[in-house]
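Q: Pasting target.cif below, which is mmCIF, N, CA and C atoms.
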```cif
data_structure
loop_
_atom_site.label_atom_id
_atom_site.label_comp_id
_atom_site.auth_asym_id
_atom_site.auth_seq_id
_atom_site.Cartn_x
_atom_site.Cartn_y
_atom_site.Cartn_z
N MET A 1 -56.00 24.11 20.32
CA MET A 1 -55.83 24.53 18.94
C MET A 1 -55.79 26.05 18.84
N ILE A 2 -56.64 26.71 19.58
CA ILE A 2 -56.65 28.17 19.55
C ILE A 2 -55.35 28.71 20.14
N GLN A 3 -54.87 28.08 21.22
CA GLN A 3 -53.62 28.51 21.83
C GLN A 3 -52.46 28.36 20.84
N PHE A 4 -52.47 27.31 20.06
CA PHE A 4 -51.43 27.09 19.06
C PHE A 4 -51.45 28.20 18.01
N LEU A 5 -52.64 28.63 17.61
CA LEU A 5 -52.75 29.68 16.60
C LEU A 5 -52.35 31.04 17.17
N ILE A 6 -52.61 31.27 18.44
CA ILE A 6 -52.29 32.56 19.05
C ILE A 6 -50.78 32.68 19.31
N ASP A 7 -50.14 31.57 19.60
CA ASP A 7 -48.71 31.58 19.90
C ASP A 7 -47.94 32.09 18.69
N ASP A 8 -47.06 33.06 18.93
CA ASP A 8 -46.30 33.65 17.82
C ASP A 8 -45.00 32.92 17.53
N GLY A 9 -44.71 31.88 18.26
CA GLY A 9 -43.51 31.09 18.01
C GLY A 9 -42.28 31.61 18.71
N SER A 10 -42.41 32.61 19.55
CA SER A 10 -41.24 33.16 20.21
C SER A 10 -40.65 32.22 21.26
N LYS A 11 -41.41 31.23 21.67
CA LYS A 11 -40.92 30.29 22.67
C LYS A 11 -40.30 29.05 22.03
N MET A 12 -40.21 29.05 20.73
CA MET A 12 -39.64 27.89 20.05
C MET A 12 -38.13 27.88 20.25
N GLN A 13 -37.61 26.69 20.34
CA GLN A 13 -36.17 26.53 20.49
C GLN A 13 -35.50 26.76 19.14
N ASN A 14 -34.33 27.36 19.19
CA ASN A 14 -33.56 27.61 17.97
C ASN A 14 -33.11 26.26 17.40
N VAL A 15 -33.35 26.03 16.12
CA VAL A 15 -33.02 24.75 15.51
C VAL A 15 -31.52 24.59 15.30
N PHE A 16 -30.78 25.69 15.32
CA PHE A 16 -29.35 25.60 15.10
C PHE A 16 -28.58 25.34 16.39
N THR A 17 -29.21 25.54 17.53
CA THR A 17 -28.55 25.32 18.82
C THR A 17 -29.42 24.41 19.68
N PRO A 18 -29.37 23.12 19.45
CA PRO A 18 -30.19 22.21 20.23
C PRO A 18 -29.72 22.07 21.68
N LEU A 19 -28.49 22.47 21.96
CA LEU A 19 -27.96 22.41 23.33
C LEU A 19 -28.03 23.79 23.96
N SER A 20 -28.24 23.82 25.26
CA SER A 20 -28.21 25.10 25.96
C SER A 20 -26.78 25.63 26.00
N LEU A 21 -26.64 26.90 26.33
CA LEU A 21 -25.33 27.53 26.32
C LEU A 21 -24.36 26.82 27.25
N SER A 22 -24.77 26.53 28.47
CA SER A 22 -23.85 25.90 29.43
C SER A 22 -23.47 24.48 29.01
N VAL A 23 -24.42 23.70 28.51
CA VAL A 23 -24.12 22.33 28.07
C VAL A 23 -23.19 22.36 26.86
N HIS A 24 -23.45 23.27 25.94
CA HIS A 24 -22.61 23.39 24.74
C HIS A 24 -21.20 23.82 25.12
N LEU A 25 -21.08 24.74 26.08
CA LEU A 25 -19.78 25.20 26.53
C LEU A 25 -18.99 24.05 27.17
N VAL A 26 -19.64 23.28 28.02
CA VAL A 26 -18.98 22.13 28.66
C VAL A 26 -18.56 21.11 27.60
N PHE A 27 -19.44 20.83 26.65
CA PHE A 27 -19.14 19.88 25.58
C PHE A 27 -17.91 20.32 24.79
N THR A 28 -17.86 21.59 24.40
CA THR A 28 -16.72 22.06 23.61
C THR A 28 -15.44 22.09 24.44
N MET A 29 -15.55 22.38 25.73
CA MET A 29 -14.35 22.37 26.58
C MET A 29 -13.80 20.96 26.73
N ILE A 30 -14.68 19.98 26.91
CA ILE A 30 -14.23 18.59 27.02
C ILE A 30 -13.62 18.12 25.70
N ALA A 31 -14.26 18.46 24.59
CA ALA A 31 -13.73 18.07 23.27
C ALA A 31 -12.38 18.73 23.03
N THR A 32 -12.24 20.00 23.41
CA THR A 32 -10.97 20.70 23.23
C THR A 32 -9.87 20.03 24.05
N ALA A 33 -10.16 19.73 25.31
CA ALA A 33 -9.16 19.07 26.16
C ALA A 33 -8.78 17.70 25.59
N LEU A 34 -9.77 16.94 25.14
CA LEU A 34 -9.51 15.61 24.59
C LEU A 34 -8.63 15.68 23.35
N TYR A 35 -9.00 16.54 22.40
CA TYR A 35 -8.26 16.58 21.14
C TYR A 35 -6.89 17.25 21.29
N LEU A 36 -6.74 18.18 22.23
CA LEU A 36 -5.41 18.72 22.49
C LEU A 36 -4.50 17.65 23.09
N THR A 37 -5.07 16.83 23.97
CA THR A 37 -4.30 15.72 24.55
C THR A 37 -3.89 14.73 23.47
N LEU A 38 -4.83 14.37 22.58
CA LEU A 38 -4.50 13.46 21.49
C LEU A 38 -3.44 14.04 20.56
N TYR A 39 -3.54 15.33 20.28
CA TYR A 39 -2.54 15.98 19.43
C TYR A 39 -1.18 15.95 20.11
N TYR A 40 -1.15 16.23 21.42
CA TYR A 40 0.11 16.23 22.15
C TYR A 40 0.73 14.84 22.17
N ARG A 41 -0.09 13.80 22.37
CA ARG A 41 0.43 12.44 22.46
C ARG A 41 0.84 11.87 21.11
N ARG A 42 0.02 12.10 20.08
CA ARG A 42 0.26 11.44 18.79
C ARG A 42 0.83 12.37 17.73
N GLY A 43 0.61 13.67 17.87
CA GLY A 43 1.22 14.63 16.98
C GLY A 43 0.60 14.78 15.61
N SER A 44 -0.64 14.37 15.44
CA SER A 44 -1.27 14.49 14.13
C SER A 44 -2.17 15.73 14.09
N VAL A 45 -2.08 16.46 13.00
CA VAL A 45 -2.83 17.70 12.84
C VAL A 45 -4.34 17.44 12.74
N HIS A 46 -4.74 16.24 12.33
CA HIS A 46 -6.17 16.01 12.16
C HIS A 46 -6.93 16.12 13.48
N TYR A 47 -6.27 15.92 14.60
CA TYR A 47 -6.93 16.13 15.89
C TYR A 47 -7.24 17.61 16.10
N LEU A 48 -6.35 18.48 15.67
CA LEU A 48 -6.58 19.92 15.82
C LEU A 48 -7.70 20.41 14.90
N THR A 49 -7.71 19.93 13.66
CA THR A 49 -8.76 20.38 12.74
C THR A 49 -10.13 19.90 13.21
N LEU A 50 -10.21 18.70 13.77
CA LEU A 50 -11.48 18.21 14.31
C LEU A 50 -11.88 19.03 15.53
N MET A 51 -10.92 19.39 16.36
CA MET A 51 -11.20 20.22 17.53
C MET A 51 -11.76 21.58 17.08
N PHE A 52 -11.14 22.20 16.09
CA PHE A 52 -11.63 23.48 15.60
C PHE A 52 -13.02 23.34 15.00
N ALA A 53 -13.30 22.23 14.33
CA ALA A 53 -14.63 22.02 13.76
C ALA A 53 -15.68 21.92 14.86
N ILE A 54 -15.35 21.24 15.93
CA ILE A 54 -16.30 21.12 17.05
C ILE A 54 -16.47 22.46 17.74
N ASP A 55 -15.36 23.16 17.97
CA ASP A 55 -15.44 24.45 18.66
C ASP A 55 -16.15 25.51 17.82
N ALA A 56 -16.08 25.40 16.52
CA ALA A 56 -16.74 26.39 15.65
C ALA A 56 -18.25 26.33 15.78
N THR A 57 -18.79 25.19 16.20
CA THR A 57 -20.25 25.10 16.35
C THR A 57 -20.76 26.00 17.46
N PHE A 58 -19.88 26.47 18.33
CA PHE A 58 -20.29 27.35 19.43
C PHE A 58 -20.79 28.69 18.90
N ILE A 59 -20.44 29.02 17.67
CA ILE A 59 -20.90 30.27 17.06
C ILE A 59 -22.42 30.32 16.99
N THR A 60 -23.04 29.17 16.85
CA THR A 60 -24.50 29.14 16.74
C THR A 60 -25.20 29.58 18.02
N GLN A 61 -24.50 29.67 19.12
CA GLN A 61 -25.10 30.15 20.36
C GLN A 61 -25.37 31.65 20.29
N PHE A 62 -24.64 32.37 19.46
CA PHE A 62 -24.77 33.82 19.42
C PHE A 62 -25.27 34.37 18.08
N TRP A 63 -24.90 33.73 16.99
CA TRP A 63 -25.31 34.21 15.67
C TRP A 63 -26.06 33.10 14.95
N THR A 64 -27.31 33.35 14.64
CA THR A 64 -28.12 32.35 13.95
C THR A 64 -28.67 32.89 12.63
N SER A 65 -28.07 33.94 12.13
CA SER A 65 -28.54 34.45 10.84
C SER A 65 -28.17 33.46 9.75
N SER A 66 -28.84 33.55 8.63
CA SER A 66 -28.58 32.61 7.55
C SER A 66 -27.16 32.78 7.00
N ILE A 67 -26.63 33.98 7.02
CA ILE A 67 -25.26 34.21 6.55
C ILE A 67 -24.27 33.52 7.49
N ALA A 68 -24.47 33.69 8.79
CA ALA A 68 -23.55 33.06 9.76
C ALA A 68 -23.61 31.54 9.67
N ILE A 69 -24.81 30.99 9.52
CA ILE A 69 -24.96 29.54 9.43
C ILE A 69 -24.35 29.01 8.14
N THR A 70 -24.51 29.75 7.04
CA THR A 70 -23.92 29.35 5.76
C THR A 70 -22.39 29.37 5.84
N LEU A 71 -21.84 30.44 6.41
CA LEU A 71 -20.39 30.51 6.57
C LEU A 71 -19.88 29.42 7.49
N LEU A 72 -20.62 29.15 8.55
CA LEU A 72 -20.24 28.07 9.46
C LEU A 72 -20.26 26.73 8.72
N GLY A 73 -21.27 26.51 7.90
CA GLY A 73 -21.35 25.28 7.12
C GLY A 73 -20.16 25.12 6.19
N ILE A 74 -19.77 26.21 5.53
CA ILE A 74 -18.62 26.17 4.63
C ILE A 74 -17.34 25.88 5.41
N VAL A 75 -17.18 26.56 6.54
CA VAL A 75 -15.99 26.34 7.39
C VAL A 75 -15.96 24.90 7.89
N GLU A 76 -17.13 24.37 8.30
CA GLU A 76 -17.20 22.99 8.78
C GLU A 76 -16.82 22.00 7.69
N ILE A 77 -17.29 22.22 6.48
CA ILE A 77 -16.96 21.33 5.37
C ILE A 77 -15.45 21.36 5.11
N ILE A 78 -14.87 22.54 5.13
CA ILE A 78 -13.42 22.67 4.91
C ILE A 78 -12.65 21.98 6.02
N LEU A 79 -13.04 22.24 7.27
CA LEU A 79 -12.33 21.65 8.41
C LEU A 79 -12.46 20.12 8.43
N LEU A 80 -13.66 19.61 8.16
CA LEU A 80 -13.83 18.16 8.14
C LEU A 80 -13.10 17.52 6.97
N GLY A 81 -13.06 18.20 5.83
CA GLY A 81 -12.28 17.71 4.70
C GLY A 81 -10.79 17.65 5.05
N CYS A 82 -10.30 18.70 5.71
CA CYS A 82 -8.90 18.70 6.15
C CYS A 82 -8.66 17.60 7.18
N THR A 83 -9.64 17.38 8.05
CA THR A 83 -9.51 16.32 9.05
C THR A 83 -9.36 14.97 8.38
N PHE A 84 -10.20 14.68 7.41
CA PHE A 84 -10.10 13.40 6.70
C PHE A 84 -8.77 13.28 5.95
N TRP A 85 -8.35 14.36 5.30
CA TRP A 85 -7.11 14.32 4.54
C TRP A 85 -5.90 14.12 5.45
N PHE A 86 -5.81 14.92 6.52
CA PHE A 86 -4.69 14.77 7.46
C PHE A 86 -4.75 13.42 8.18
N GLY A 87 -5.96 12.95 8.49
CA GLY A 87 -6.11 11.64 9.12
C GLY A 87 -5.63 10.52 8.22
N HIS A 88 -5.93 10.63 6.93
CA HIS A 88 -5.48 9.63 5.96
C HIS A 88 -3.95 9.64 5.85
N LYS A 89 -3.36 10.84 5.79
CA LYS A 89 -1.90 10.95 5.74
C LYS A 89 -1.28 10.36 7.00
N TYR A 90 -1.87 10.64 8.15
CA TYR A 90 -1.34 10.13 9.42
C TYR A 90 -1.45 8.61 9.46
N SER A 91 -2.55 8.07 8.97
CA SER A 91 -2.74 6.62 8.95
C SER A 91 -1.70 5.95 8.07
N LYS A 92 -1.44 6.52 6.90
CA LYS A 92 -0.41 5.97 6.01
C LYS A 92 0.96 6.04 6.67
N LYS A 93 1.24 7.13 7.36
CA LYS A 93 2.53 7.28 8.03
C LYS A 93 2.69 6.23 9.13
N VAL A 94 1.64 6.01 9.91
CA VAL A 94 1.69 5.02 10.99
C VAL A 94 1.87 3.62 10.41
N LYS A 95 1.16 3.31 9.33
CA LYS A 95 1.31 1.99 8.69
C LYS A 95 2.73 1.79 8.17
N ALA A 96 3.30 2.83 7.57
CA ALA A 96 4.67 2.73 7.05
C ALA A 96 5.67 2.52 8.19
N GLU A 97 5.48 3.25 9.28
CA GLU A 97 6.38 3.08 10.42
C GLU A 97 6.24 1.68 11.02
N THR A 98 5.03 1.19 11.11
CA THR A 98 4.80 -0.16 11.64
C THR A 98 5.44 -1.20 10.73
N ALA A 99 5.28 -1.04 9.43
CA ALA A 99 5.88 -1.98 8.49
C ALA A 99 7.40 -1.94 8.58
N ALA A 100 7.97 -0.74 8.74
CA ALA A 100 9.42 -0.63 8.86
C ALA A 100 9.92 -1.29 10.14
N LYS A 101 9.19 -1.10 11.23
CA LYS A 101 9.57 -1.75 12.49
C LYS A 101 9.48 -3.26 12.38
N GLU A 102 8.42 -3.73 11.73
CA GLU A 102 8.24 -5.18 11.54
C GLU A 102 9.35 -5.75 10.67
N ALA A 103 9.72 -5.03 9.60
CA ALA A 103 10.80 -5.49 8.72
C ALA A 103 12.13 -5.52 9.48
N ALA A 104 12.36 -4.51 10.30
CA ALA A 104 13.60 -4.48 11.08
C ALA A 104 13.62 -5.61 12.10
N ARG A 105 12.48 -5.90 12.70
CA ARG A 105 12.40 -7.00 13.67
C ARG A 105 12.66 -8.34 12.99
N LYS A 106 12.05 -8.52 11.81
CA LYS A 106 12.26 -9.78 11.07
C LYS A 106 13.72 -9.91 10.63
N GLU A 107 14.31 -8.82 10.19
CA GLU A 107 15.72 -8.85 9.77
C GLU A 107 16.62 -9.19 10.96
N ALA A 108 16.31 -8.63 12.13
CA ALA A 108 17.09 -8.94 13.33
C ALA A 108 16.95 -10.41 13.70
N GLU A 109 15.73 -10.96 13.55
CA GLU A 109 15.51 -12.39 13.81
C GLU A 109 16.31 -13.25 12.84
N GLU A 110 16.29 -12.85 11.57
CA GLU A 110 17.04 -13.59 10.55
C GLU A 110 18.53 -13.58 10.86
N ARG A 111 19.05 -12.42 11.25
CA ARG A 111 20.47 -12.31 11.58
C ARG A 111 20.80 -13.18 12.81
N ALA A 112 19.91 -13.14 13.80
CA ALA A 112 20.14 -13.94 15.00
C ALA A 112 20.14 -15.43 14.67
N LYS A 113 19.20 -15.86 13.82
CA LYS A 113 19.16 -17.27 13.41
C LYS A 113 20.41 -17.64 12.61
N ALA A 114 20.83 -16.75 11.72
CA ALA A 114 22.03 -17.02 10.92
C ALA A 114 23.26 -17.09 11.81
N ALA A 115 23.35 -16.20 12.77
CA ALA A 115 24.50 -16.21 13.70
C ALA A 115 24.48 -17.46 14.56
N GLU A 116 23.29 -17.84 14.99
CA GLU A 116 23.16 -19.06 15.79
C GLU A 116 23.55 -20.30 14.98
N LYS A 117 23.13 -20.32 13.74
CA LYS A 117 23.46 -21.45 12.87
C LYS A 117 24.97 -21.49 12.59
N ALA A 118 25.56 -20.32 12.35
CA ALA A 118 27.00 -20.26 12.10
C ALA A 118 27.77 -20.70 13.35
N GLU A 119 27.30 -20.30 14.50
CA GLU A 119 27.96 -20.70 15.74
C GLU A 119 27.84 -22.19 15.96
N ALA A 120 26.67 -22.75 15.67
CA ALA A 120 26.48 -24.19 15.82
C ALA A 120 27.38 -24.95 14.85
N THR A 121 27.50 -24.45 13.62
CA THR A 121 28.38 -25.08 12.63
C THR A 121 29.83 -25.00 13.09
N GLU A 122 30.23 -23.87 13.61
CA GLU A 122 31.60 -23.69 14.10
C GLU A 122 31.87 -24.62 15.28
N ASN A 123 30.94 -24.74 16.18
CA ASN A 123 31.10 -25.65 17.33
C ASN A 123 31.18 -27.10 16.86
N GLU A 124 30.40 -27.42 15.86
CA GLU A 124 30.41 -28.77 15.30
C GLU A 124 31.78 -29.07 14.69
N LYS A 125 32.36 -28.10 13.99
CA LYS A 125 33.69 -28.28 13.40
C LYS A 125 34.75 -28.46 14.48
N LEU A 126 34.61 -27.69 15.55
CA LEU A 126 35.58 -27.80 16.65
C LEU A 126 35.53 -29.20 17.28
N VAL A 127 34.33 -29.71 17.46
CA VAL A 127 34.18 -31.04 18.06
C VAL A 127 34.71 -32.10 17.11
N ASP A 128 34.40 -31.97 15.81
CA ASP A 128 34.89 -32.95 14.83
C ASP A 128 36.42 -32.91 14.72
N ASN A 129 37.00 -31.71 14.74
CA ASN A 129 38.46 -31.56 14.63
C ASN A 129 39.16 -32.05 15.88
N ALA A 130 38.52 -31.99 17.02
CA ALA A 130 39.15 -32.41 18.27
C ALA A 130 39.40 -33.91 18.29
N PHE A 131 38.59 -34.69 17.62
CA PHE A 131 38.73 -36.14 17.65
C PHE A 131 39.39 -36.72 16.39
N ASP A 132 39.94 -35.88 15.54
CA ASP A 132 40.60 -36.36 14.34
C ASP A 132 41.97 -36.98 14.64
N ASP A 133 42.55 -36.76 15.75
CA ASP A 133 43.89 -37.29 16.06
C ASP A 133 43.92 -38.74 16.21
#
```
Could you rewrite the structure in this file as structure tokens?

A:
Amino acid sequence: MIQFLIDDGSKMQNVFTPLSLSVHLVFTMIATALYLTLYYRRGSVHYLTLMFAIDATFITQFWTSSIAITLLGIVEIILLGCTFWFGHKYSKKVKAETAAKEAARKEAEERAKAAEKAEATENEKLVDNAFDD
């Protein structure tokens, strides 16, 4: 108890940076590589905004003043809001493309069935006409 009272708190871990510098750096590098790959493959901006939101947390390793944390919080809210908005737009776009592909596939099936039916009817007429003599 006396040791607790004597301790000035200088050995306390920073509450804004629960990860050590090296672990945080590795985490942000992996997240950056992952989201850049997803952006390259799928082309949606929401992967980039999420990547920037994750990478922005690295600021807490160097600046922990209340102003820096407040600005980081504001930037994070904006970036995450943009991520949700762009993600929603991307989801609607993917659904529309899927629906269009499905409609085109169904239309092609309908045409194939109609052509098959017309061909069967034509063949039936040919067979019927062949024996009319």

Q: Can you tell me how far CA of Asp55 in chain A sits from CA of Ala31 in chain A, in Å to one decimal?

A: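 A separation of 8.1 Å between them.
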
Q: Just asking: which residues within range 28-73 of chain A are alpha helix (DSSP H) according to DSSP, as a count of residues only?

A: 35

Q: To one decimal place, how far is CA of Thr32 in chain A from CA of Phe52 in chain A in Å?

A: 8.1 Å

Q: Provide the CA of Ser65 in chain A to atom N of Thr17 in chain A distance in Å, to one decimal place.

A: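 Atom N of Thr17 in chain A lies at a distance of 11.2 Å from CA of Ser65 in chain A.
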
Q: Take every atom of range 89-100 of chain A listed in the file, fit an axis-aligned box around them, add 3 Å per side, and give the centre and edge lengths in Å to one decimal as lines of an AutoDock Vina configuration file.

A:
```
center_x = 3.3
center_y = 4.5
center_z = 8.7
size_x = 19.3
size_y = 18.9
size_z = 11.9
```

Q: Let me make sure I understand: among A:Thr37, A:Leu50, A:Phe27, A:Glu122, which one has the smallest atom-to-atom distance to Leu80 in chain A if we use only N, CA and C atoms?

A: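 Ranking A:Thr37, A:Leu50, A:Phe27, A:Glu122 by distance to Leu80 in chain A, first place goes to A:Leu50.
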
Q: So that I can see what lies close to Phe86 in chain A, please list as a PyMOL selection string the residues with an atom at most 7 Å from it, counting only N, CA and C atoms and leaving out residues fewer than 3 positions away in the same chain.

A: chain A and resi 44-46+81-83+89-91

Q: Rank nothing, just name the residue among A:Ala115, A:Tyr47, A:Tyr40, A:Leu34 nearest to Gly87 in chain A, using all atoms listed in the file.

A: A:Tyr47

Q: When you count only C-alpha atoms, which of these residues is closest to Leu21 in chain A: A:Ala114, A:Ile59, A:Ala99, A:Ile54?

A: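 Checking each of A:Ala114, A:Ile59, A:Ala99, A:Ile54 against Leu21 in chain A, counting only C-alpha atoms, the winner is A:Ile59.
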
Q: Ranking A:Ala68, A:Val75, A:Leu48, A:Lys95 by minimum distance to Tyr35 in chain A and counting only N, CA and C atoms, which one comes first?

A: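 Of A:Ala68, A:Val75, A:Leu48, A:Lys95, the one nearest Tyr35 in chain A, counting only N, CA and C atoms, is A:Leu48.
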
Q: With distances taken over all atoms listed in the file, which of A:Ala96, A:Ile77, A:Leu19, A:Met29 is nearest to Gln61 in chain A?

A: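 The answer is A:Leu19, which sits nearest to Gln61 in chain A.
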